file model-v1.tsv (TSV, C-alpha atoms)
chain	number	residue	atom	x	y	z
O	65	MET	CA	-2.41	39.65	-21.58
O	66	LEU	CA	-5.41	40.13	-23.83
O	67	ALA	CA	-5.26	39.01	-27.46
O	68	LEU	CA	-7.40	41.07	-29.82
O	69	THR	CA	-8.99	39.02	-32.58
O	70	THR	CA	-8.30	41.48	-35.39
O	71	PRO	CA	-5.45	43.92	-36.02
O	72	THR	CA	-5.90	47.59	-36.85
O	73	ASP	CA	-6.11	48.34	-40.55
O	74	PRO	CA	-2.67	49.73	-41.57
O	75	ARG	CA	-4.44	52.61	-43.32
O	76	TRP	CA	-5.50	53.89	-39.88
O	77	LEU	CA	-1.88	54.81	-39.11
O	78	GLU	CA	-1.57	56.72	-42.38
O	79	VAL	CA	-4.64	58.78	-41.50
O	80	VAL	CA	-3.26	59.50	-38.01
O	81	MET	CA	0.16	60.53	-39.24
O	82	ASP	CA	-1.39	62.78	-41.90
O	83	ASP	CA	-3.32	64.73	-39.23
O	84	PHE	CA	-1.35	64.22	-36.03
O	85	ASP	CA	-2.76	67.38	-34.45
O	86	ALA	CA	-6.30	65.98	-34.65
O	87	PHE	CA	-5.01	62.71	-33.22
O	88	LEU	CA	-3.43	64.55	-30.27
O	89	ILE	CA	-6.69	66.34	-29.49
O	90	ASP	CA	-8.57	63.03	-29.59
O	91	HIS	CA	-5.86	61.34	-27.52
O	92	ALA	CA	-6.26	63.97	-24.82
O	93	ALA	CA	-10.01	63.33	-24.71
O	94	ALA	CA	-9.44	59.57	-24.53
O	95	GLU	CA	-7.09	59.91	-21.56
O	96	ARG	CA	-9.51	62.17	-19.70
O	97	LYS	CA	-12.38	59.76	-20.36
O	98	ALA	CA	-10.24	56.83	-19.20
O	99	SER	CA	-9.57	58.63	-15.92
O	100	ALA	CA	-13.29	59.22	-15.50
O	101	THR	CA	-13.95	55.54	-16.24
O	102	GLY	CA	-11.63	54.51	-13.42
O	103	MET	CA	-13.44	56.80	-11.01
O	104	SER	CA	-16.83	55.60	-12.21
O	105	PHE	CA	-15.94	52.12	-10.95
O	106	VAL	CA	-15.02	53.65	-7.59
O	107	VAL	CA	-18.31	55.54	-7.39
O	108	ARG	CA	-20.48	52.63	-8.54
O	109	TYR	CA	-18.75	49.86	-6.55
O	110	PRO	CA	-17.59	51.29	-3.21
O	111	ASP	CA	-18.55	47.94	-1.64
O	112	ARG	CA	-15.74	46.22	-3.60
O	113	PRO	CA	-12.66	47.38	-1.65
O	114	ALA	CA	-10.43	44.86	-3.42
O	115	ILE	CA	-10.67	46.86	-6.65
O	116	LEU	CA	-10.71	50.41	-5.31
O	117	ASP	CA	-7.03	51.18	-4.68
O	118	ARG	CA	-5.95	49.91	-8.09
O	119	LEU	CA	-8.73	51.73	-9.92
O	120	ILE	CA	-7.98	54.98	-8.11
O	121	ALA	CA	-4.32	54.57	-9.11
O	122	PHE	CA	-5.44	53.85	-12.69
O	123	ALA	CA	-7.61	57.00	-12.73
O	124	ARG	CA	-4.74	59.11	-11.41
O	125	GLU	CA	-2.31	57.73	-14.00
O	126	GLU	CA	-4.77	58.37	-16.82
O	127	LEU	CA	-5.33	61.90	-15.53
O	128	GLU	CA	-1.55	62.44	-15.59
O	129	HIS	CA	-1.50	61.15	-19.18
O	130	PHE	CA	-4.27	63.60	-20.04
O	131	HIS	CA	-2.21	66.43	-18.55
O	132	ARG	CA	0.85	65.42	-20.56
O	133	VAL	CA	-1.11	65.16	-23.82
O	134	TRP	CA	-2.78	68.50	-23.09
O	135	GLN	CA	0.71	69.99	-22.69
O	136	LEU	CA	1.69	68.57	-26.08
O	137	CYS	CA	-1.45	70.12	-27.57
O	138	ALA	CA	-0.81	73.49	-25.89
O	139	ALA	CA	2.80	73.52	-27.15
O	140	ARG	CA	1.44	73.13	-30.69
O	141	GLY	CA	-1.17	75.86	-30.19
O	142	LEU	CA	-4.02	73.34	-30.28
O	143	ARG	CA	-7.27	73.73	-28.38
O	144	LEU	CA	-9.10	70.84	-26.82
O	145	SER	CA	-12.55	70.22	-28.19
O	146	ALA	CA	-15.88	69.51	-26.53
O	147	ASP	CA	-16.72	65.92	-25.76
O	148	THR	CA	-18.12	63.82	-28.54
O	149	PRO	CA	-19.36	60.26	-28.18
O	150	ASP	CA	-16.78	57.61	-29.05
O	151	PRO	CA	-18.49	55.18	-31.46
O	152	TYR	CA	-16.03	52.42	-30.55
O	153	VAL	CA	-16.58	52.60	-26.79
O	154	GLY	CA	-20.29	53.24	-27.29
O	155	GLY	CA	-20.55	50.14	-29.46
O	156	LEU	CA	-18.81	48.02	-26.84
O	157	MET	CA	-20.97	49.41	-24.04
O	158	LYS	CA	-24.07	48.16	-25.87
O	159	HIS	CA	-22.86	44.65	-25.00
O	160	VAL	CA	-22.66	45.32	-21.26
O	161	ARG	CA	-25.34	43.43	-19.35
O	162	THR	CA	-27.51	45.08	-16.72
O	163	GLY	CA	-27.36	42.92	-13.58
O	164	ARG	CA	-25.09	44.46	-10.94
O	165	ASP	CA	-22.45	41.69	-10.96
O	166	GLN	CA	-22.85	41.04	-14.69
O	167	ARG	CA	-22.41	44.75	-15.35
O	168	LEU	CA	-19.25	44.88	-13.23
O	169	LEU	CA	-17.74	41.87	-15.00
O	170	ASP	CA	-18.61	43.22	-18.44
O	171	ARG	CA	-17.38	46.73	-17.66
O	172	LEU	CA	-14.05	45.36	-16.39
O	173	LEU	CA	-13.65	43.24	-19.51
O	174	VAL	CA	-14.73	46.06	-21.84
O	175	ALA	CA	-12.21	48.37	-20.16
O	176	GLY	CA	-9.55	45.70	-20.69
O	177	VAL	CA	-10.45	45.39	-24.37
O	178	VAL	CA	-10.41	49.18	-24.85
O	179	GLU	CA	-7.00	49.41	-23.19
O	180	ALA	CA	-5.71	46.51	-25.33
O	181	ARG	CA	-6.78	48.30	-28.52
O	182	GLY	CA	-5.18	51.48	-27.22
O	183	CYS	CA	-1.97	49.56	-26.54
O	184	GLU	CA	-1.92	48.20	-30.08
O	185	ARG	CA	-2.62	51.56	-31.70
O	186	PHE	CA	-0.27	53.61	-29.53
O	187	GLY	CA	2.41	51.05	-30.35
O	188	LEU	CA	1.81	51.63	-34.05
O	189	VAL	CA	2.12	55.38	-33.52
O	190	ALA	CA	5.28	54.99	-31.44
O	191	ASN	CA	6.89	52.86	-34.13
O	192	ALA	CA	6.02	55.39	-36.84
O	193	LEU	CA	7.37	58.46	-35.05
O	194	PRO	CA	10.97	59.61	-35.53
O	195	THR	CA	13.36	59.27	-32.62
O	196	GLY	CA	12.76	62.00	-30.07
O	197	ASP	CA	10.64	63.07	-27.13
O	198	LEU	CA	7.30	62.41	-28.84
O	199	LYS	CA	8.32	58.87	-29.78
O	200	ALA	CA	9.57	58.23	-26.23
O	201	PHE	CA	6.24	59.46	-24.87
O	202	TYR	CA	4.26	57.11	-27.10
O	203	VAL	CA	6.52	54.18	-26.20
O	204	GLU	CA	5.80	54.96	-22.54
O	205	ILE	CA	2.03	55.26	-23.21
O	206	THR	CA	2.07	51.91	-25.03
O	207	ARG	CA	3.65	50.22	-22.02
O	208	SER	CA	1.13	51.88	-19.74
O	209	GLU	CA	-1.81	50.63	-21.85
O	210	ALA	CA	-0.36	47.11	-21.68
O	211	ARG	CA	-0.33	47.32	-17.87
O	212	HIS	CA	-3.84	48.73	-17.88
O	213	HIS	CA	-5.47	46.04	-19.96
O	214	GLY	CA	-3.71	43.48	-17.78
O	215	LEU	CA	-5.07	45.26	-14.71
O	216	PHE	CA	-8.70	45.07	-15.84
O	217	VAL	CA	-8.48	41.39	-16.76
O	218	ALA	CA	-6.73	40.65	-13.45
O	219	LEU	CA	-9.45	42.50	-11.53
O	220	ALA	CA	-12.10	40.46	-13.36
O	221	ARG	CA	-10.25	37.21	-12.55
O	222	GLU	CA	-9.89	38.17	-8.90
O	223	THR	CA	-13.55	39.11	-8.61
O	224	PHE	CA	-15.32	36.43	-10.68
O	225	PRO	CA	-14.90	32.70	-11.37
O	226	ASP	CA	-12.87	31.79	-14.45
O	227	GLU	CA	-15.84	30.05	-16.05
O	228	ASP	CA	-17.73	33.37	-16.04
O	229	ILE	CA	-14.87	35.22	-17.69
O	230	GLY	CA	-13.73	33.12	-20.66
O	231	ALA	CA	-16.99	32.90	-22.60
O	232	ARG	CA	-17.88	36.51	-21.83
O	233	LEU	CA	-14.48	37.74	-23.00
O	234	ASP	CA	-14.84	35.76	-26.25
O	235	ILE	CA	-18.21	37.45	-26.90
O	236	LEU	CA	-16.81	40.91	-26.20
O	237	LEU	CA	-13.70	40.35	-28.34
O	238	ALA	CA	-15.87	39.20	-31.25
O	239	ALA	CA	-18.08	42.27	-30.82
O	240	GLU	CA	-14.98	44.48	-30.67
O	241	ALA	CA	-13.65	43.01	-33.94
O	242	ALA	CA	-16.97	43.75	-35.66
O	243	ILE	CA	-17.00	47.30	-34.33
O	244	VAL	CA	-13.41	47.95	-35.47
O	245	ALA	CA	-14.23	46.62	-38.93
O	246	GLU	CA	-17.07	49.15	-39.27
O	247	LEU	CA	-15.31	52.22	-37.85
O	248	PRO	CA	-14.39	54.89	-40.35
O	249	LEU	CA	-10.70	55.62	-40.61
O	250	ARG	CA	-10.01	58.90	-38.85
O	251	ALA	CA	-7.21	60.63	-36.95
O	252	ALA	CA	-8.50	59.37	-33.62
O	253	LEU	CA	-7.59	56.58	-31.23
O	254	HIS	CA	-10.79	54.71	-32.11
call {"tool": "encode", "arguments": {"input": "model-v1.tsv", "output": "structure tokens"}}
result
Amino acid sequence: MLALTTPTDPRWLEVVMDDFDAFLIDHAAAERKASATGMSFVVRYPDRPAILDRLIAFAREELEHFHRVWQLCAARGLRLSADTPDPYVGGLMKHVRTGRDQRLLDRLLVAGVVEARGCERFGLVANALPTGDLKAFYVEITRSEARHHGLFVALARETFPDEDIGARLDILLAAEAAIVAELPLRAALH
């Protein structure tokens, strides 16, 4: 499992719980984008059959999560919004190198870091919700995110030598901590 170097500011959860509808809309967008990320690996790296089945499965699971969150939004009378750039993911992507193999390694590790932060934050939400269907859903999503960040790190380890992974992961985790420290608190996953 991936250990983030800094925890989420507890005030983030207060902001989310104060505007849970906005959080749900953002959560739906995050799940849809995650599905697209899985498929982007498939499109960009069709010559890496060892990663394809698992990333297709990841994309399908994230699409299912999007559908479920959209249903929660629809039940509350909420409308999905147009895409907006995610400053957290955008900040991490600035650290992705450009060589084909370097880009693949960095994108796998960045995806793992993003999923790890999602796991942490969905866990906070799950713990804050009262017992019921919504809490059960967020407990399930938290477990899913844990599997997902493990998947991306495992794919990196299966594809690249360990000596290429450790130092790169340290750099990306340090960058992630700096990005999180600068993000404004808002009712959004990131």
call {"tool": "closest_residue", "arguments": {"input": "model-v1.tsv", "among": "O:His91, O:His129, O:Arg232, O:His254", "to": "O:Val178", "atoms": "all atoms listed in the file"}}
result
O:His254
call {"tool": "residues_around", "arguments": {"input": "model-v1.tsv", "residues": "O:Leu66", "least_positions_apart": "2", "cutoff": "10 Å", "atoms": "all atoms listed in the file", "output": "JSON, numbers by chain"}}
result
{"O": [68, 69, 173, 176, 177, 179, 180, 181, 210, 213, 214, 216, 217, 233, 237]}
call {"tool": "closest_residue", "arguments": {"input": "model-v1.tsv", "among": "O:Leu77, O:Pro225, O:Gly163, O:Val106", "to": "O:Arg118", "atoms": "only C-alpha atoms"}}
result
O:Val106
call {"tool": "closest_residue", "arguments": {"input": "model-v1.tsv", "among": "O:Val107, O:Ile89, O:Leu215, O:Ala121", "to": "O:Arg143", "atoms": "only C-alpha atoms"}}
result
O:Ile89
call {"tool": "residues_near_point", "arguments": {"input": "model-v1.tsv", "point": "(-7.6, 58.7, -21.9)", "cutoff": "9 Å", "atoms": "all atoms listed in the file", "output": "list in words"}}
result
Asp90, His91, Ala92, Ala93, Ala94, Glu95, Arg96, Lys97, Ala98, Ser99, Ala100, Glu126, Leu127, His129 and Phe130 of chain O
call {"tool": "atom_distance", "arguments": {"input": "model-v1.tsv", "atom1": "atom CA of O:Trp76", "atom2": "atom CA of O:Asp170"}}
result
27.3 Å
call {"tool": "closest_residue", "arguments": {"input": "model-v1.tsv", "among": "O:Asp165, O:Thr148, O:Leu188, O:Leu156", "to": "O:Asp111", "atoms": "all atoms listed in the file"}}
result
O:Asp165
call {"tool": "closest_residue", "arguments": {"input": "model-v1.tsv", "among": "O:Glu204, O:Glu184, O:Glu78, O:Glu222", "to": "O:Ala114", "atoms": "all atoms listed in the file"}}
result
O:Glu222
call {"tool": "closest_residue", "arguments": {"input": "model-v1.tsv", "among": "O:Met81, O:Ala242, O:Ser208, O:Ala175", "to": "O:Glu128", "atoms": "all atoms listed in the file"}}
result
O:Ser208
call {"tool": "residues_near_point", "arguments": {"input": "model-v1.tsv", "point": "(2.3, 54.2, -22.2)", "cutoff": "10 Å", "atoms": "only C-alpha atoms", "output": "mmCIF file with C-alpha atoms, in the coordinates of the input"}}
result
data_model
loop_
_atom_site.group_PDB
_atom_site.id
_atom_site.type_symbol
_atom_site.label_atom_id
_atom_site.label_comp_id
_atom_site.auth_asym_id
_atom_site.auth_seq_id
_atom_site.Cartn_x
_atom_site.Cartn_y
_atom_site.Cartn_z
ATOM 1 C CA GLU O 126 -4.770 58.370 -16.820
ATOM 2 C CA HIS O 129 -1.500 61.150 -19.180
ATOM 3 C CA GLY O 182 -5.180 51.480 -27.220
ATOM 4 C CA CYS O 183 -1.970 49.560 -26.540
ATOM 5 C CA PHE O 186 -0.270 53.610 -29.530
ATOM 6 C CA GLY O 187 2.410 51.050 -30.350
ATOM 7 C CA ALA O 190 5.280 54.990 -31.440
ATOM 8 C CA ALA O 200 9.570 58.230 -26.230
ATOM 9 C CA PHE O 201 6.240 59.460 -24.870
ATOM 10 C CA TYR O 202 4.260 57.110 -27.100
ATOM 11 C CA VAL O 203 6.520 54.180 -26.200
ATOM 12 C CA GLU O 204 5.800 54.960 -22.540
ATOM 13 C CA ILE O 205 2.030 55.260 -23.210
ATOM 14 C CA THR O 206 2.070 51.910 -25.030
ATOM 15 C CA ARG O 207 3.650 50.220 -22.020
ATOM 16 C CA SER O 208 1.130 51.880 -19.740
ATOM 17 C CA GLU O 209 -1.810 50.630 -21.850
ATOM 18 C CA ALA O 210 -0.360 47.110 -21.680
ATOM 19 C CA ARG O 211 -0.330 47.320 -17.870
ATOM 20 C CA HIS O 212 -3.840 48.730 -17.880
#
call {"tool": "atom_distance", "arguments": {"input": "model-v1.tsv", "atom1": "atom CA of O:Val133", "atom2": "atom CA of O:Arg171"}}
result
25.3 Å
call {"tool": "build_atoms", "arguments": {"input": "model-v1.tsv", "residues": "stretch 225-240 of chain O", "atoms": "N, CA and C atoms", "output": "PDB file, in the frame of the given file"}}
result
ATOM      1  N   PRO O 225     -15.445  34.011 -11.009  1.00  0.00           N
ATOM      2  CA  PRO O 225     -14.900  32.700 -11.370  1.00  0.00           C
ATOM      3  C   PRO O 225     -14.446  32.659 -12.828  1.00  0.00           C
ATOM      4  N   ASP O 226     -13.409  31.890 -13.090  1.00  0.00           N
ATOM      5  CA  ASP O 226     -12.870  31.790 -14.450  1.00  0.00           C
ATOM      6  C   ASP O 226     -13.917  31.389 -15.473  1.00  0.00           C
ATOM      7  N   GLU O 227     -14.832  30.498 -15.082  1.00  0.00           N
ATOM      8  CA  GLU O 227     -15.840  30.050 -16.050  1.00  0.00           C
ATOM      9  C   GLU O 227     -16.778  31.181 -16.470  1.00  0.00           C
ATOM     10  N   ASP O 228     -16.907  32.214 -15.666  1.00  0.00           N
ATOM     11  CA  ASP O 228     -17.730  33.370 -16.040  1.00  0.00           C
ATOM     12  C   ASP O 228     -16.983  34.306 -16.981  1.00  0.00           C
ATOM     13  N   ILE O 229     -15.678  34.247 -16.948  1.00  0.00           N
ATOM     14  CA  ILE O 229     -14.870  35.220 -17.690  1.00  0.00           C
ATOM     15  C   ILE O 229     -14.600  34.798 -19.124  1.00  0.00           C
ATOM     16  N   GLY O 230     -14.177  33.556 -19.342  1.00  0.00           N
ATOM     17  CA  GLY O 230     -13.730  33.120 -20.660  1.00  0.00           C
ATOM     18  C   GLY O 230     -14.758  33.315 -21.758  1.00  0.00           C
ATOM     19  N   ALA O 231     -15.965  32.792 -21.561  1.00  0.00           N
ATOM     20  CA  ALA O 231     -16.990  32.900 -22.600  1.00  0.00           C
ATOM     21  C   ALA O 231     -17.399  34.362 -22.811  1.00  0.00           C
ATOM     22  N   ARG O 232     -17.483  35.102 -21.725  1.00  0.00           N
ATOM     23  CA  ARG O 232     -17.880  36.510 -21.830  1.00  0.00           C
ATOM     24  C   ARG O 232     -16.822  37.312 -22.589  1.00  0.00           C
ATOM     25  N   LEU O 233     -15.571  37.043 -22.314  1.00  0.00           N
ATOM     26  CA  LEU O 233     -14.480  37.740 -23.000  1.00  0.00           C
ATOM     27  C   LEU O 233     -14.496  37.407 -24.490  1.00  0.00           C
ATOM     28  N   ASP O 234     -14.755  36.140 -24.834  1.00  0.00           N
ATOM     29  CA  ASP O 234     -14.840  35.760 -26.250  1.00  0.00           C
ATOM     30  C   ASP O 234     -15.932  36.552 -26.962  1.00  0.00           C
ATOM     31  N   ILE O 235     -17.097  36.700 -26.314  1.00  0.00           N
ATOM     32  CA  ILE O 235     -18.210  37.450 -26.900  1.00  0.00           C
ATOM     33  C   ILE O 235     -17.812  38.915 -27.107  1.00  0.00           C
ATOM     34  N   LEU O 236     -17.186  39.490 -26.102  1.00  0.00           N
ATOM     35  CA  LEU O 236     -16.810  40.910 -26.200  1.00  0.00           C
ATOM     36  C   LEU O 236     -15.705  41.133 -27.225  1.00  0.00           C
ATOM     37  N   LEU O 237     -14.761  40.210 -27.330  1.00  0.00           N
ATOM     38  CA  LEU O 237     -13.700  40.350 -28.340  1.00  0.00           C
ATOM     39  C   LEU O 237     -14.264  40.210 -29.748  1.00  0.00           C
ATOM     40  N   ALA O 238     -15.232  39.326 -29.936  1.00  0.00           N
ATOM     41  CA  ALA O 238     -15.870  39.200 -31.250  1.00  0.00           C
ATOM     42  C   ALA O 238     -16.653  40.470 -31.584  1.00  0.00           C
ATOM     43  N   ALA O 239     -17.348  41.016 -30.606  1.00  0.00           N
ATOM     44  CA  ALA O 239     -18.080  42.270 -30.820  1.00  0.00           C
ATOM     45  C   ALA O 239     -17.096  43.392 -31.147  1.00  0.00           C
ATOM     46  N   GLU O 240     -15.984  43.437 -30.446  1.00  0.00           N
ATOM     47  CA  GLU O 240     -14.980  44.480 -30.670  1.00  0.00           C
ATOM     48  C   GLU O 240     -14.439  44.394 -32.094  1.00  0.00           C
TER      49      GLU O 240
END
